[in-house]
Each structure stands twice: as structure tokens, then as C-alpha cells.
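Pasted below: input_36.cif, mmCIF, C-alpha atoms.
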data_final
loop_
_atom_site.label_atom_id
_atom_site.label_comp_id
_atom_site.auth_asym_id
_atom_site.auth_seq_id
_atom_site.Cartn_x
_atom_site.Cartn_y
_atom_site.Cartn_z
CA MET I 72 -52.31 -1.05 -116.78
CA THR I 73 -52.91 1.24 -119.76
CA ALA I 74 -52.85 -0.20 -123.30
CA ALA I 75 -53.73 1.21 -126.69
CA ILE I 76 -56.53 -0.35 -128.74
CA THR I 77 -55.08 -0.80 -132.23
CA SER I 78 -57.98 -2.67 -133.81
CA ILE I 79 -61.42 -3.83 -132.74
CA VAL I 80 -63.94 -6.02 -134.56
CA SER I 81 -67.47 -7.06 -133.61
CA ILE I 82 -69.92 -9.53 -135.08
CA SER I 83 -73.27 -9.06 -133.42
CA HIS I 84 -76.99 -8.54 -133.92
CA GLN I 85 -76.02 -5.07 -135.17
CA ASP I 86 -74.50 -4.58 -138.63
CA SER I 87 -71.20 -3.93 -136.86
CA PHE I 88 -68.72 -5.98 -138.87
CA GLY I 89 -66.28 -3.90 -140.90
CA LYS I 90 -67.81 -0.57 -139.88
CA GLN I 91 -65.63 2.47 -139.23
CA ASN I 92 -67.96 3.77 -136.55
CA ILE I 93 -70.55 1.41 -135.13
CA TRP I 94 -72.56 4.26 -133.59
CA GLU I 95 -73.76 5.06 -137.13
CA ILE I 96 -75.44 1.68 -137.59
CA LEU I 97 -76.93 1.09 -134.14
CA THR I 98 -80.60 0.29 -133.81
CA PRO I 99 -82.36 -0.95 -130.68
CA LEU I 100 -82.98 -4.68 -131.01
CA GLY I 101 -86.41 -6.25 -131.17
CA ASN I 102 -87.30 -9.62 -129.70
CA GLN I 103 -86.52 -11.60 -132.86
CA SER I 104 -83.18 -10.26 -134.11
CA GLU I 105 -80.43 -12.43 -135.61
CA VAL I 106 -76.66 -12.18 -135.88
CA ILE I 107 -75.70 -10.12 -138.93
CA ALA I 108 -72.87 -12.31 -140.13
CA PRO I 109 -70.24 -11.60 -142.77
CA ASP I 110 -69.42 -14.17 -145.47
CA TYR I 111 -67.37 -16.52 -143.28
CA LYS I 112 -65.91 -18.28 -146.33
CA THR I 113 -63.79 -15.19 -146.92
CA TYR I 114 -62.05 -15.70 -143.59
CA ILE I 115 -62.19 -19.40 -142.73
CA PRO I 116 -61.11 -22.27 -145.06
CA PRO I 117 -64.13 -24.37 -146.16
CA ALA I 118 -62.70 -27.58 -144.69
CA SER I 119 -62.68 -25.99 -141.22
CA LEU I 120 -65.77 -23.87 -141.66
CA ARG I 121 -68.11 -26.84 -142.10
CA ARG I 122 -67.35 -28.05 -138.57
CA PHE I 123 -67.53 -24.71 -136.81
CA SER I 124 -70.61 -23.65 -134.86
CA PRO I 125 -71.81 -20.02 -135.05
CA VAL I 126 -69.83 -18.89 -131.99
CA LEU I 127 -66.61 -20.30 -133.44
CA ARG I 128 -67.29 -18.70 -136.80
CA MET I 129 -67.89 -15.31 -135.20
CA ALA I 130 -64.84 -15.50 -132.95
CA LEU I 131 -62.44 -16.80 -135.59
CA THR I 132 -63.48 -14.23 -138.14
CA ALA I 133 -63.22 -11.31 -135.68
CA ALA I 134 -59.82 -12.54 -134.48
CA GLN I 135 -58.62 -13.06 -138.06
CA VAL I 136 -59.56 -9.51 -139.04
CA CYS I 137 -57.78 -8.14 -135.96
CA GLN I 138 -54.69 -10.09 -137.03
CA ASN I 139 -54.97 -8.80 -140.61
CA GLU I 140 -55.18 -5.22 -139.35
CA THR I 141 -52.26 -5.64 -136.96
CA SER I 142 -49.85 -7.57 -139.24
CA VAL I 143 -47.51 -8.47 -136.33
CA PRO I 144 -48.28 -11.92 -134.83
CA PHE I 145 -49.98 -11.81 -131.44
CA ASP I 146 -47.81 -12.41 -128.34
CA SER I 147 -50.82 -13.67 -126.43
CA ILE I 148 -54.46 -14.63 -126.93
CA SER I 149 -56.97 -14.21 -124.10
CA VAL I 150 -60.61 -15.07 -124.68
CA GLY I 151 -63.56 -14.63 -122.35
CA THR I 152 -66.65 -16.75 -122.77
CA SER I 153 -69.33 -17.32 -120.19
CA LEU I 154 -71.19 -20.27 -121.66
CA GLY I 155 -68.74 -21.44 -124.33
CA CYS I 156 -69.77 -23.40 -127.40
CA LEU I 157 -73.38 -24.03 -126.46
CA LYS I 158 -74.61 -25.43 -129.78
CA ASP I 159 -71.95 -28.13 -129.82
CA THR I 160 -72.50 -28.83 -126.12
CA GLU I 161 -76.21 -29.28 -126.76
CA ARG I 162 -75.52 -31.47 -129.81
CA PHE I 163 -73.06 -33.61 -127.87
CA LEU I 164 -75.43 -34.08 -124.92
CA GLN I 165 -78.29 -34.86 -127.31
CA THR I 166 -76.29 -37.78 -128.69
CA PHE I 167 -76.27 -39.33 -125.22
CA ILE I 168 -80.03 -39.57 -125.44
CA THR I 169 -80.39 -40.58 -129.07
CA ALA I 170 -77.23 -42.57 -129.86
CA THR I 171 -77.97 -46.19 -130.68
CA GLY I 172 -74.41 -47.56 -130.62
CA ASP I 173 -71.49 -47.42 -128.20
CA THR I 174 -69.73 -44.55 -129.96
CA LEU I 175 -70.51 -40.83 -130.00
CA SER I 176 -69.78 -38.21 -132.64
CA PRO I 177 -66.30 -36.82 -131.88
CA THR I 178 -66.72 -33.38 -133.49
CA ALA I 179 -69.36 -32.04 -131.11
CA PHE I 180 -67.39 -33.35 -128.13
CA ILE I 181 -64.12 -31.81 -129.29
CA GLN I 182 -65.80 -28.47 -129.89
CA SER I 183 -68.02 -28.36 -126.84
CA THR I 184 -65.39 -27.15 -124.40
CA HIS I 185 -65.04 -23.49 -123.46
CA ASN I 186 -61.40 -23.30 -124.53
CA THR I 187 -62.24 -24.46 -128.05
CA ILE I 188 -62.56 -20.81 -129.09
CA ALA I 189 -59.11 -19.64 -128.01
CA GLY I 190 -57.57 -22.89 -129.24
CA ALA I 191 -59.24 -22.68 -132.65
CA ILE I 192 -58.05 -19.07 -133.02
CA SER I 193 -54.53 -20.16 -132.17
CA MET I 194 -54.61 -22.93 -134.79
CA ALA I 195 -56.23 -20.74 -137.45
CA LEU I 196 -53.60 -18.02 -136.97
CA GLY I 197 -50.74 -20.52 -136.61
CA ASN I 198 -50.00 -18.85 -133.29
CA HIS I 199 -48.10 -20.77 -130.60
CA SER I 200 -47.91 -18.05 -127.97
CA TYR I 201 -49.70 -17.77 -124.60
CA ASN I 202 -53.32 -18.86 -124.95
CA MET I 203 -55.91 -18.53 -122.20
CA THR I 204 -59.65 -18.91 -121.78
CA HIS I 205 -61.53 -17.09 -119.03
CA THR I 206 -64.91 -18.37 -117.92
CA GLN I 207 -66.20 -16.10 -115.19
CA ASN I 208 -69.94 -15.83 -115.75
CA SER I 209 -70.85 -12.22 -116.65
CA LEU I 210 -67.27 -11.04 -115.99
CA SER I 211 -65.61 -13.35 -118.53
CA PHE I 212 -64.67 -10.52 -120.89
CA GLU I 213 -63.31 -8.32 -118.13
CA THR I 214 -61.07 -11.09 -116.77
CA ALA I 215 -59.75 -11.74 -120.28
CA LEU I 216 -59.14 -8.00 -120.65
CA ILE I 217 -57.26 -7.83 -117.34
CA ASP I 218 -55.18 -10.79 -118.54
CA GLY I 219 -54.39 -8.92 -121.77
CA LEU I 220 -53.51 -5.73 -119.90
CA LEU I 221 -51.17 -7.69 -117.62
CA CYS I 222 -49.54 -9.24 -120.69
CA VAL I 223 -48.89 -5.75 -122.06
CA GLN I 224 -47.59 -4.66 -118.65
CA GLU I 225 -45.10 -7.52 -118.58
CA GLY I 226 -43.71 -6.51 -121.96
CA LYS I 227 -45.77 -8.21 -124.67
CA LYS I 228 -46.07 -6.00 -127.73
CA ASN I 229 -49.25 -7.19 -129.43
CA VAL I 230 -52.02 -8.83 -127.48
CA LEU I 231 -55.35 -10.24 -128.66
CA VAL I 232 -58.28 -10.03 -126.27
CA GLY I 233 -61.82 -11.02 -127.08
CA ALA I 234 -65.11 -12.44 -126.01
CA ALA I 235 -67.74 -14.62 -127.62
CA ASP I 236 -70.99 -16.22 -126.54
CA GLU I 237 -73.90 -17.75 -128.39
CA ALA I 238 -77.59 -18.20 -127.65
CA ILE I 239 -79.54 -21.43 -128.05
CA GLU I 240 -83.28 -21.84 -127.64
CA PHE I 241 -82.88 -23.81 -124.41
CA LEU I 242 -81.49 -20.69 -122.71
CA ASP I 243 -84.99 -19.23 -122.81
CA VAL I 244 -86.22 -22.20 -120.80
CA LEU I 245 -83.45 -21.68 -118.23
CA LYS I 246 -83.75 -17.90 -118.12
CA PRO I 247 -86.19 -17.52 -115.19
CA HIS I 248 -83.82 -19.60 -113.07
CA VAL I 249 -80.56 -17.84 -113.95
CA ILE I 250 -81.16 -14.13 -114.54
CA GLN I 251 -83.80 -11.49 -113.94
CA SER I 252 -83.85 -9.66 -117.26
CA THR I 253 -86.38 -8.65 -119.88
CA VAL I 254 -83.67 -8.51 -122.57
CA PRO I 255 -83.75 -11.46 -125.00
CA PHE I 256 -80.75 -13.80 -125.26
CA THR I 257 -78.51 -13.07 -128.24
CA SER I 258 -75.06 -13.94 -129.59
CA GLY I 259 -71.97 -11.88 -130.26
CA ALA I 260 -68.19 -11.74 -130.55
CA THR I 261 -65.84 -8.81 -130.16
CA PHE I 262 -62.06 -8.98 -130.47
CA LEU I 263 -59.51 -6.23 -130.00
CA SER I 264 -55.77 -5.97 -130.22
CA LEU I 265 -53.87 -4.15 -127.51
CA GLN I 266 -50.40 -2.68 -127.68
CA PRO I 267 -48.24 -0.73 -125.23
CA ASP I 268 -49.58 2.79 -124.71
CA THR I 269 -47.73 5.04 -127.11
CA ALA I 270 -48.43 8.59 -128.17
CA GLY I 271 -51.08 7.54 -130.71
CA ASN I 272 -54.43 9.27 -131.02
CA GLY I 273 -56.54 6.12 -130.68
CA LYS I 274 -58.48 4.98 -127.66
CA LYS I 275 -56.76 3.42 -124.67
CA VAL I 276 -57.94 1.01 -122.03
CA ILE I 277 -56.92 2.74 -118.82
CA ASP I 278 -57.95 0.09 -116.32
CA CYS I 279 -60.35 -2.75 -115.70
CA ALA I 280 -61.62 -4.18 -112.40
CA VAL I 281 -63.92 -7.01 -111.41
CA HIS I 282 -65.98 -7.56 -108.24
CA PHE I 283 -67.39 -11.03 -107.79
CA ASN I 284 -69.26 -10.24 -104.58
CA ASN I 285 -70.37 -6.70 -105.24
CA THR I 286 -72.60 -5.15 -102.60
CA ASN I 287 -72.17 -1.44 -103.25
CA THR I 288 -71.83 -0.40 -106.90
CA GLU I 289 -71.48 3.32 -106.23
CA GLU I 290 -68.69 2.77 -103.73
CA ALA I 291 -66.91 0.38 -106.10
CA ILE I 292 -67.06 2.97 -108.90
CA THR I 293 -65.80 5.75 -106.60
CA THR I 294 -62.89 3.57 -105.44
CA PHE I 295 -62.08 2.60 -109.05
CA LEU I 296 -62.00 6.22 -110.22
CA LYS I 297 -59.97 7.29 -107.18
CA LYS I 298 -57.43 4.54 -107.82
CA ASN I 299 -56.99 5.91 -111.34
CA GLN I 300 -56.93 9.52 -110.06
CA ILE I 301 -59.92 10.51 -112.16
CA ASP I 302 -62.61 12.93 -111.08
CA ALA I 303 -66.19 11.74 -111.62
CA ASN I 304 -66.79 14.87 -113.71
CA ALA I 305 -64.28 13.59 -116.26
CA ILE I 306 -66.61 10.70 -117.14
CA GLU I 307 -68.40 11.81 -120.29
CA LEU I 308 -70.21 8.58 -121.09
CA VAL I 309 -71.31 5.63 -118.99
CA LEU I 310 -72.18 2.47 -120.88
CA PHE I 311 -74.00 0.12 -118.58
CA ALA I 312 -75.87 -3.14 -118.26
CA GLY I 313 -78.12 -3.93 -115.32
CA GLU I 314 -78.99 -1.43 -112.63
CA ILE I 315 -76.45 1.24 -111.72
CA PRO I 316 -76.43 4.40 -109.59
CA THR I 317 -77.83 7.25 -111.65
CA THR I 318 -75.53 10.07 -110.64
CA ILE I 319 -72.38 9.25 -112.63
CA GLY I 320 -71.45 10.58 -116.04
CA ILE I 321 -72.82 13.28 -118.30
CA LYS I 322 -74.53 10.73 -120.52
CA GLN I 323 -75.64 7.18 -119.73
CA ILE I 324 -76.55 4.50 -122.24
CA ASN I 325 -77.75 0.98 -121.56
CA TYR I 326 -75.75 -1.01 -124.11
CA GLU I 327 -77.96 -4.11 -123.82
CA GLN I 328 -80.57 -2.38 -125.99
CA TYR I 329 -78.01 -2.81 -128.81
CA THR I 330 -76.39 -6.11 -127.85
CA GLY I 331 -79.26 -8.09 -126.41
CA LEU I 332 -78.35 -10.41 -123.56
CA TYR I 333 -75.17 -12.44 -123.64
CA TYR I 334 -72.81 -12.60 -120.73
CA SER I 335 -69.74 -11.20 -122.47
CA SER I 336 -71.50 -8.26 -124.14
CA ALA I 337 -69.27 -5.82 -122.22
CA ALA I 338 -66.80 -6.49 -125.04
CA PHE I 339 -69.25 -4.88 -127.47
CA ALA I 340 -69.52 -1.94 -125.05
CA CYS I 341 -65.75 -1.67 -125.37
CA HIS I 342 -66.24 -1.34 -129.13
CA LEU I 343 -68.87 1.35 -128.54
CA ALA I 344 -66.42 3.19 -126.28
CA ASN I 345 -63.68 2.88 -128.89
CA ASP I 346 -65.84 4.48 -131.60
CA TYR I 347 -67.33 7.20 -129.40
CA ALA I 348 -66.23 10.77 -130.12
CA LEU I 349 -64.90 11.82 -126.72
CA ALA I 350 -64.03 15.37 -125.73
CA GLU I 351 -60.41 16.07 -124.78
CA GLY I 352 -59.56 14.78 -121.31
CA LYS I 353 -62.82 12.86 -120.94
CA TYR I 354 -63.43 9.14 -120.35
CA VAL I 355 -65.92 6.38 -121.03
CA LEU I 356 -66.79 4.13 -118.11
CA ILE I 357 -68.28 0.71 -118.84
CA VAL I 358 -70.30 -0.60 -115.90
CA ASN I 359 -71.24 -4.24 -116.33
CA HIS I 360 -73.78 -5.06 -113.66
CA GLN I 361 -75.67 -7.65 -115.69
CA VAL I 362 -75.69 -10.09 -112.79
CA ASN I 363 -76.53 -8.61 -109.38
CA SER I 364 -73.57 -9.81 -107.37
CA LYS I 365 -71.02 -9.22 -110.12
CA LEU I 366 -69.60 -5.91 -111.26
CA GLY I 367 -67.15 -5.17 -114.06
CA LEU I 368 -65.64 -1.71 -114.50
CA THR I 369 -63.66 -0.70 -117.58
CA LEU I 370 -62.23 2.73 -118.18
CA ILE I 371 -61.52 3.93 -121.72
CA LYS I 372 -59.88 7.19 -122.77
CA MET J 80 -76.85 -51.46 -153.83
CA SER J 81 -77.50 -48.18 -155.66
CA GLU J 82 -80.12 -47.23 -153.06
CA LEU J 83 -77.60 -47.95 -150.30
CA LYS J 84 -75.04 -45.70 -152.01
CA GLU J 85 -77.51 -42.86 -152.32
CA ASN J 86 -78.45 -43.19 -148.65
CA LEU J 87 -74.77 -43.27 -147.70
CA LYS J 88 -74.08 -40.07 -149.62
CA ALA J 89 -76.91 -38.26 -147.86
CA GLN J 90 -75.73 -39.55 -144.49
CA ILE J 91 -72.13 -38.52 -145.19
CA ILE J 92 -73.25 -35.00 -146.08
CA GLU J 93 -75.29 -34.72 -142.91
CA GLN J 94 -72.83 -36.36 -140.51
CA LEU J 95 -69.81 -34.44 -141.80
CA SER J 96 -71.64 -31.10 -142.28
CA LEU J 97 -70.71 -30.95 -145.98
CA GLU J 98 -73.36 -28.28 -146.43
CA ASP J 99 -72.16 -27.13 -149.86
CA LEU J 100 -72.48 -30.60 -151.42
CA THR J 101 -75.40 -32.62 -152.74
CA PRO J 102 -75.38 -36.43 -153.13
CA ALA J 103 -74.87 -35.92 -156.88
CA ASP J 104 -71.53 -34.21 -156.18
CA ILE J 105 -70.09 -37.35 -154.59
CA LYS J 106 -68.94 -39.90 -157.19
CA ASP J 107 -69.23 -43.57 -156.25
CA ASP J 108 -65.58 -44.33 -156.92
CA ALA J 109 -63.97 -41.00 -155.96
CA PRO J 110 -61.56 -41.07 -152.98
CA LEU J 111 -63.21 -39.62 -149.87
CA PHE J 112 -59.91 -38.67 -148.19
CA GLY J 113 -56.98 -36.64 -149.46
CA ASP J 114 -56.77 -33.76 -151.91
CA GLU J 115 -58.07 -35.75 -154.89
CA GLY J 116 -61.47 -36.46 -153.36
CA LEU J 117 -63.61 -34.74 -150.78
CA GLY J 118 -60.58 -33.79 -148.69
CA LEU J 119 -61.82 -35.50 -145.54
CA ASP J 120 -59.50 -35.92 -142.53
CA SER J 121 -58.91 -38.09 -139.47
CA ILE J 122 -61.83 -36.61 -137.49
CA ASP J 123 -64.09 -37.52 -140.41
CA ALA J 124 -62.77 -41.08 -140.19
CA LEU J 125 -64.01 -41.18 -136.59
CA GLU J 126 -67.36 -39.81 -137.76
CA PHE J 127 -67.53 -42.68 -140.30
CA ILE J 128 -67.06 -45.20 -137.48
CA VAL J 129 -69.97 -43.57 -135.60
CA LEU J 130 -72.07 -43.50 -138.79
CA LEU J 131 -71.53 -47.21 -139.50
CA GLU J 132 -72.40 -48.18 -135.94
CA SER J 133 -75.40 -45.92 -135.43
CA ASN J 134 -76.99 -46.30 -138.89
CA TYR J 135 -76.03 -49.86 -139.80
CA GLY J 136 -75.13 -51.51 -136.49
CA ILE J 137 -71.67 -52.40 -137.80
CA LYS J 138 -68.54 -52.15 -135.67
CA ILE J 139 -65.12 -52.11 -137.27
CA ALA J 140 -63.19 -54.80 -135.42
CA ASP J 141 -59.80 -53.94 -136.93
CA PRO J 142 -59.14 -50.17 -137.17
CA SER J 143 -56.35 -50.80 -139.70
CA GLN J 144 -59.08 -51.78 -142.17
CA GLY J 145 -60.38 -48.21 -142.07
CA ARG J 146 -58.21 -46.90 -144.91
CA GLU J 147 -59.57 -49.57 -147.25
CA ILE J 148 -63.19 -49.41 -146.08
CA PHE J 149 -63.43 -45.61 -146.14
CA HIS J 150 -61.72 -45.20 -149.51
CA SER J 151 -64.90 -44.40 -151.46
CA VAL J 152 -68.68 -44.73 -151.39
CA ASN J 153 -68.24 -47.96 -153.37
CA SER J 154 -65.95 -49.50 -150.75
CA LEU J 155 -68.16 -48.32 -147.90
CA ALA J 156 -71.27 -49.78 -149.51
CA ALA J 157 -69.50 -53.08 -150.22
CA PHE J 158 -68.35 -53.30 -146.60
CA ILE J 159 -71.86 -52.64 -145.30
CA GLU J 160 -73.41 -55.23 -147.63
CA SER J 161 -70.94 -57.90 -146.65
CA ASN J 162 -71.40 -57.23 -142.91
CA GLN J 163 -75.14 -56.91 -142.59
#

Show the structure stored in the file as C-alpha cells.
Amino acid sequence: MTAAITSIVSISHQDSFGKQNIWEILTPLGNQSEVIAPDYKTYIPPASLRRFSPVLRMALTAAQVCQNETSVPFDSISVGTSLGCLKDTERFLQTFITATGDTLSPTAFIQSTHNTIAGAISMALGNHSYNMTHTQNSLSFETALIDGLLCVQEGKKNVLVGAADEAIEFLDVLKPHVIQSTVPFTSGATFLSLQPDTAGNGKKVIDCAVHFNNTNTEEAITTFLKKNQIDANAIELVLFAGEIPTTIGIKQINYEQYTGLYYSSAAFACHLANDYALAEGKYVLIVNHQVNSKLGLTLIK
Amino acid sequence: MSELKENLKAQIIEQLSLEDLTPADIKDDAPLFGDEGLGLDSIDALEFIVLLESNYGIKIADPSQGREIFHSVNSLAAFIESNQ
């Protein structure tokens, strides 16, 4: 399932947009950080921009830059989002309470669905190829990535994969009921283009796996590495979220200190892996264990 | 009438998220739709229907009237005055 990463773009609470190496700009987030956004008007026509919520703006801009860097139209678009367009969903639901007439504002309704993101990217790029949205809680990015890898495997030449999620204040109210985490909710979007693995020097996604009923993380990692015929000693860096066994990898970094908490932040970890200076023959393993029962494993070389 | 037009302009800006505009940028007689005016589109027309109903309690009985009613701030204001 190997594919080469030919471009990768992140808009996040870090100053990551347009950076050659995002490791150079990383700072641990405080409790009150905001998205560091580019000038969206450069990438999205004003007539569309006025309607788009922050998550759509982030996703469209990141996807647009990936397309600009790739030049060949995408053969497929796969987007992972756990909670979708929350601001528009909240706005739409709010109108149920406050609306005085029989009619409701159409814009928030149209843009409140999860697949708005992938659809809006398709329309913005004028792309009529395969278009899929994956909503799998904390494994939304990984399932989109597996989709993209399968697209490459079946012969597609240029595949867009990405993830986007946004925070709203109400998430803080829900937090004690949905996740045990001290990390504050944040927003972010990361998009990458994948192409068939050629002899290039760039990073490659070697494999990705998801476990929706994970009970033994260490065993799952061992099985994953064995499947890919990789010795645990070849793992130079482990990027993780949530609790993981402590014995794997030469170096371990909790990526949530840089991303904050959003359920598709493993995509940003993918960007970190892409920009990491790996020794010859070594690998980065992304272990997404944000939610206890769910485990995402992504191997980058 | 002029107060109604000023209110309408502010409501249009808010309802349609025209964040770069102020009421002064919208001329009373300028077309709201198409390239010559504000460049609004069919989704905005639906937003106008919601705006008229929620802010003024007016329902448009015949949708084919929309093109005429939504032509400009002047036509919108005239329609509201004659239906309130």
C-alpha cells in the first residue's frame, strides 16, 4: 500500500502554513491559542469565501495549495472529518430555536453536513473524480488515508487525502462526557497529495491500519510492524496521542502538545513525519490512541 | 422609507455574510443580483425569502415575483411597505 507524499499543507494553531519544515516553527500550545490562518482571499473567491465557515476555509485553502503544487488534477479526493462543519451545524440548529417564521436559512443547512468539505473542494477545484468523506470518530483521517492508498494501489496517479475539524465553544461543555483529556479543543486541517511510489527521495506512506475495538495497543503495533516486515529497532520516531506502550521507538513525541485536541489531528502528525529528518532505513510510526478503544497506526519512511 | 432601506441594508449584510461591505456601499437602486450589482446568487435569493419572513412577517406567495422584488433595495423596500 505504499505511496509517495508529493505535497503536504497544514493550517493549524501552529504557524504551519507555507513552511518548508514545520519542526522549525513548533511551539507547545497554551490553553487559549487560535488558528494561525493565511489570507484566505488569496485562495478562495470572495463570493464563496463569505459563506464558508472556518473549517471549510482551512480545508479548501490547504487542498488548493496541494493542487497548485501538484499541477496534475486529482484522480480522487478523500477527506476525513470527525465532527464535520460544527459552526454551521450549531448555527442551523440555533435557527430551530430562534426562527420566527416557517422557513430556515438555507446556507447553514447546506453547509452543516460532513461531506460539505470534500464536496466544496471538488467544486472549487472543478474536479469530477471520485469523492469520499470518512467520518470515523478519532480514526477519520486514517480511514481517508487508507482510502487514498487503495486508490493509488488500484492505479490512480494523483490522489488527494486530507482531514479537517473545527472547535466550537459548546465542545467544552460536552468534553467531560466524550473524552478524558486535559488537552484543549482546537481546529486544524492537513491535506496531502499521494502518488505511486517511485524512486523519489521524499517521504512515503508505507501502510496505515485502524482498530475500532482495540484492547492491546502493544500487540497491535507488533502485528502491524510484522506485517510490514519491519523490526521495532527501525522505528526512529513515534508520534503519539493518548496513552501508548513506552518501549517502542528511539524517540517519542506527543503530537497533541502541538495540535491541541481535534479528532483528525493525526493528519498533522503525518505532516510532522513528512518534515522529520530521518536516518537512512528508519521509520516514523504515528500511533493515534486519542480515544481509548480506537487505535490508528501509520507508518512513514 | 429611508429608515427601512437602511435597516434592510444592514440586514442584507448580516444575513448574507457580506463582511467586506457597509450599508453605504449598497446603492438603493443598484441591482442586487448579477455581475453589475452585488453579485448575489440563487442561495442568496432563498436567504432573502427567510429574511422577509423572519424580520417582516411577509411570505412571498408567488415565487416568480422574486426576480422583480429582489432586484434592488428600492424594490425590496417598496414590496415590504406595500405588504405590511

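Coordinates place atom CA of Ile239 of chain I at a distance of 8.9 Å from atom CA of Ser258 of chain I.
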
Test item: the PyMOL selection byres ((chain J) within 12 of (chain I)) resolved as number ranges by chain: J: 92-100, 112-114, 117-139

Chain and number of each residue from the PyMOL selection byres ((chain J and resi 160-162) around 9), as a PyMOL selection string: chain J and resi 80+83+137+155-159+163

Result set, the PyMOL selection byres ((chain I and resi 148-162) around 8) on current file, as a VMD selection string: chain I and resid 124 126 to 127 145 to 147 163 to 166 179 to 180 182 to 189 193 200 to 216 218 to 219 230 to 239 334 to 335

Contacts of Val136 of chain I at 9 Å (all atoms listed in the file; same-chain gap of 3+ positions) as a PyMOL selection string: chain I and resi 78-80+89+114+131-133+139-141+262

Computed interatomic separation between atom CA of Asn325 of chain I and atom CA of Ile357 of chain I (Å): 9.9 Å

Proximity to Leu296 of chain I - best of I:Asn92, I:Ser264, I:Thr369, I:Ser87, only C-alpha atoms: I:Thr369

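Take atom CA of Glu240 of chain I and atom CA of Thr330 of chain I: the distance between them is 17.2 Å.
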
Selection near segment 343-354 of chain I, 8 Å with only C-alpha atoms, sequence-local residues under 5 positions removed, as a ChimeraX atom specification: /I:76,91-94,274,305-308,310,370-372

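Distance check against Asn287 of chain I using all atoms listed in the file: of I:Leu265, I:His360, I:Lys322, I:Lys246, the minimum falls on I:His360.
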
Select segment 99-149 of chain J in the preceding structure and write C-alpha atoms to a file as an mmCIF file, in the first residue's frame.
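Okay, decode_39.cif is ready:
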data_model
loop_
_atom_site.group_PDB
_atom_site.id
_atom_site.type_symbol
_atom_site.label_atom_id
_atom_site.label_comp_id
_atom_site.auth_asym_id
_atom_site.auth_seq_id
_atom_site.Cartn_x
_atom_site.Cartn_y
_atom_site.Cartn_z
ATOM 1 C CA ASP J 99 -16.473 43.421 3.471
ATOM 2 C CA LEU J 100 -19.413 45.776 2.835
ATOM 3 C CA THR J 101 -21.016 48.565 4.837
ATOM 4 C CA PRO J 102 -24.587 49.829 4.288
ATOM 5 C CA ALA J 103 -23.101 52.846 2.485
ATOM 6 C CA ASP J 104 -21.635 50.535 -0.175
ATOM 7 C CA ILE J 105 -25.081 49.331 -1.240
ATOM 8 C CA LYS J 106 -26.853 51.822 -3.515
ATOM 9 C CA ASP J 107 -30.637 51.994 -3.279
ATOM 10 C CA ASP J 108 -31.191 51.373 -6.975
ATOM 11 C CA ALA J 109 -28.222 49.091 -7.774
ATOM 12 C CA PRO J 110 -29.071 45.534 -8.902
ATOM 13 C CA LEU J 111 -28.502 43.041 -6.089
ATOM 14 C CA PHE J 112 -28.017 40.051 -8.413
ATOM 15 C CA GLY J 113 -25.721 39.563 -11.382
ATOM 16 C CA ASP J 114 -22.298 40.964 -12.183
ATOM 17 C CA GLU J 115 -23.430 44.602 -12.290
ATOM 18 C CA GLY J 116 -24.529 44.716 -8.656
ATOM 19 C CA LEU J 117 -23.554 42.818 -5.546
ATOM 20 C CA GLY J 118 -23.183 39.567 -7.487
ATOM 21 C CA LEU J 119 -25.668 37.643 -5.352
ATOM 22 C CA ASP J 120 -26.860 34.179 -6.430
ATOM 23 C CA SER J 121 -29.757 31.751 -6.062
ATOM 24 C CA ILE J 122 -28.857 30.742 -2.488
ATOM 25 C CA ASP J 123 -28.968 34.429 -1.568
ATOM 26 C CA ALA J 124 -32.463 34.602 -3.070
ATOM 27 C CA LEU J 125 -33.509 31.888 -0.606
ATOM 28 C CA GLU J 126 -31.881 33.878 2.195
ATOM 29 C CA PHE J 127 -33.984 36.904 1.121
ATOM 30 C CA ILE J 128 -37.156 34.820 1.469
ATOM 31 C CA VAL J 129 -36.081 33.865 5.012
ATOM 32 C CA LEU J 130 -35.182 37.496 5.791
ATOM 33 C CA LEU J 131 -38.575 38.825 4.642
ATOM 34 C CA GLU J 132 -40.445 36.221 6.660
ATOM 35 C CA SER J 133 -38.407 36.367 9.855
ATOM 36 C CA ASN J 134 -37.866 40.154 10.007
ATOM 37 C CA TYR J 135 -41.062 41.457 8.424
ATOM 38 C CA GLY J 136 -43.519 38.563 8.635
ATOM 39 C CA ILE J 137 -44.025 38.624 4.871
ATOM 40 C CA LYS J 138 -44.336 35.464 2.785
ATOM 41 C CA ILE J 139 -43.871 35.570 -0.960
ATOM 42 C CA ALA J 140 -46.949 33.838 -2.338
ATOM 43 C CA ASP J 141 -45.723 33.677 -5.929
ATOM 44 C CA PRO J 142 -42.021 32.731 -6.243
ATOM 45 C CA SER J 143 -41.954 34.059 -9.820
ATOM 46 C CA GLN J 144 -42.253 37.550 -8.313
ATOM 47 C CA GLY J 145 -38.837 37.094 -6.708
ATOM 48 C CA ARG J 146 -36.822 38.475 -9.620
ATOM 49 C CA GLU J 147 -38.782 41.729 -9.508
ATOM 50 C CA ILE J 148 -38.942 42.032 -5.711
ATOM 51 C CA PHE J 149 -35.265 41.254 -5.123
#
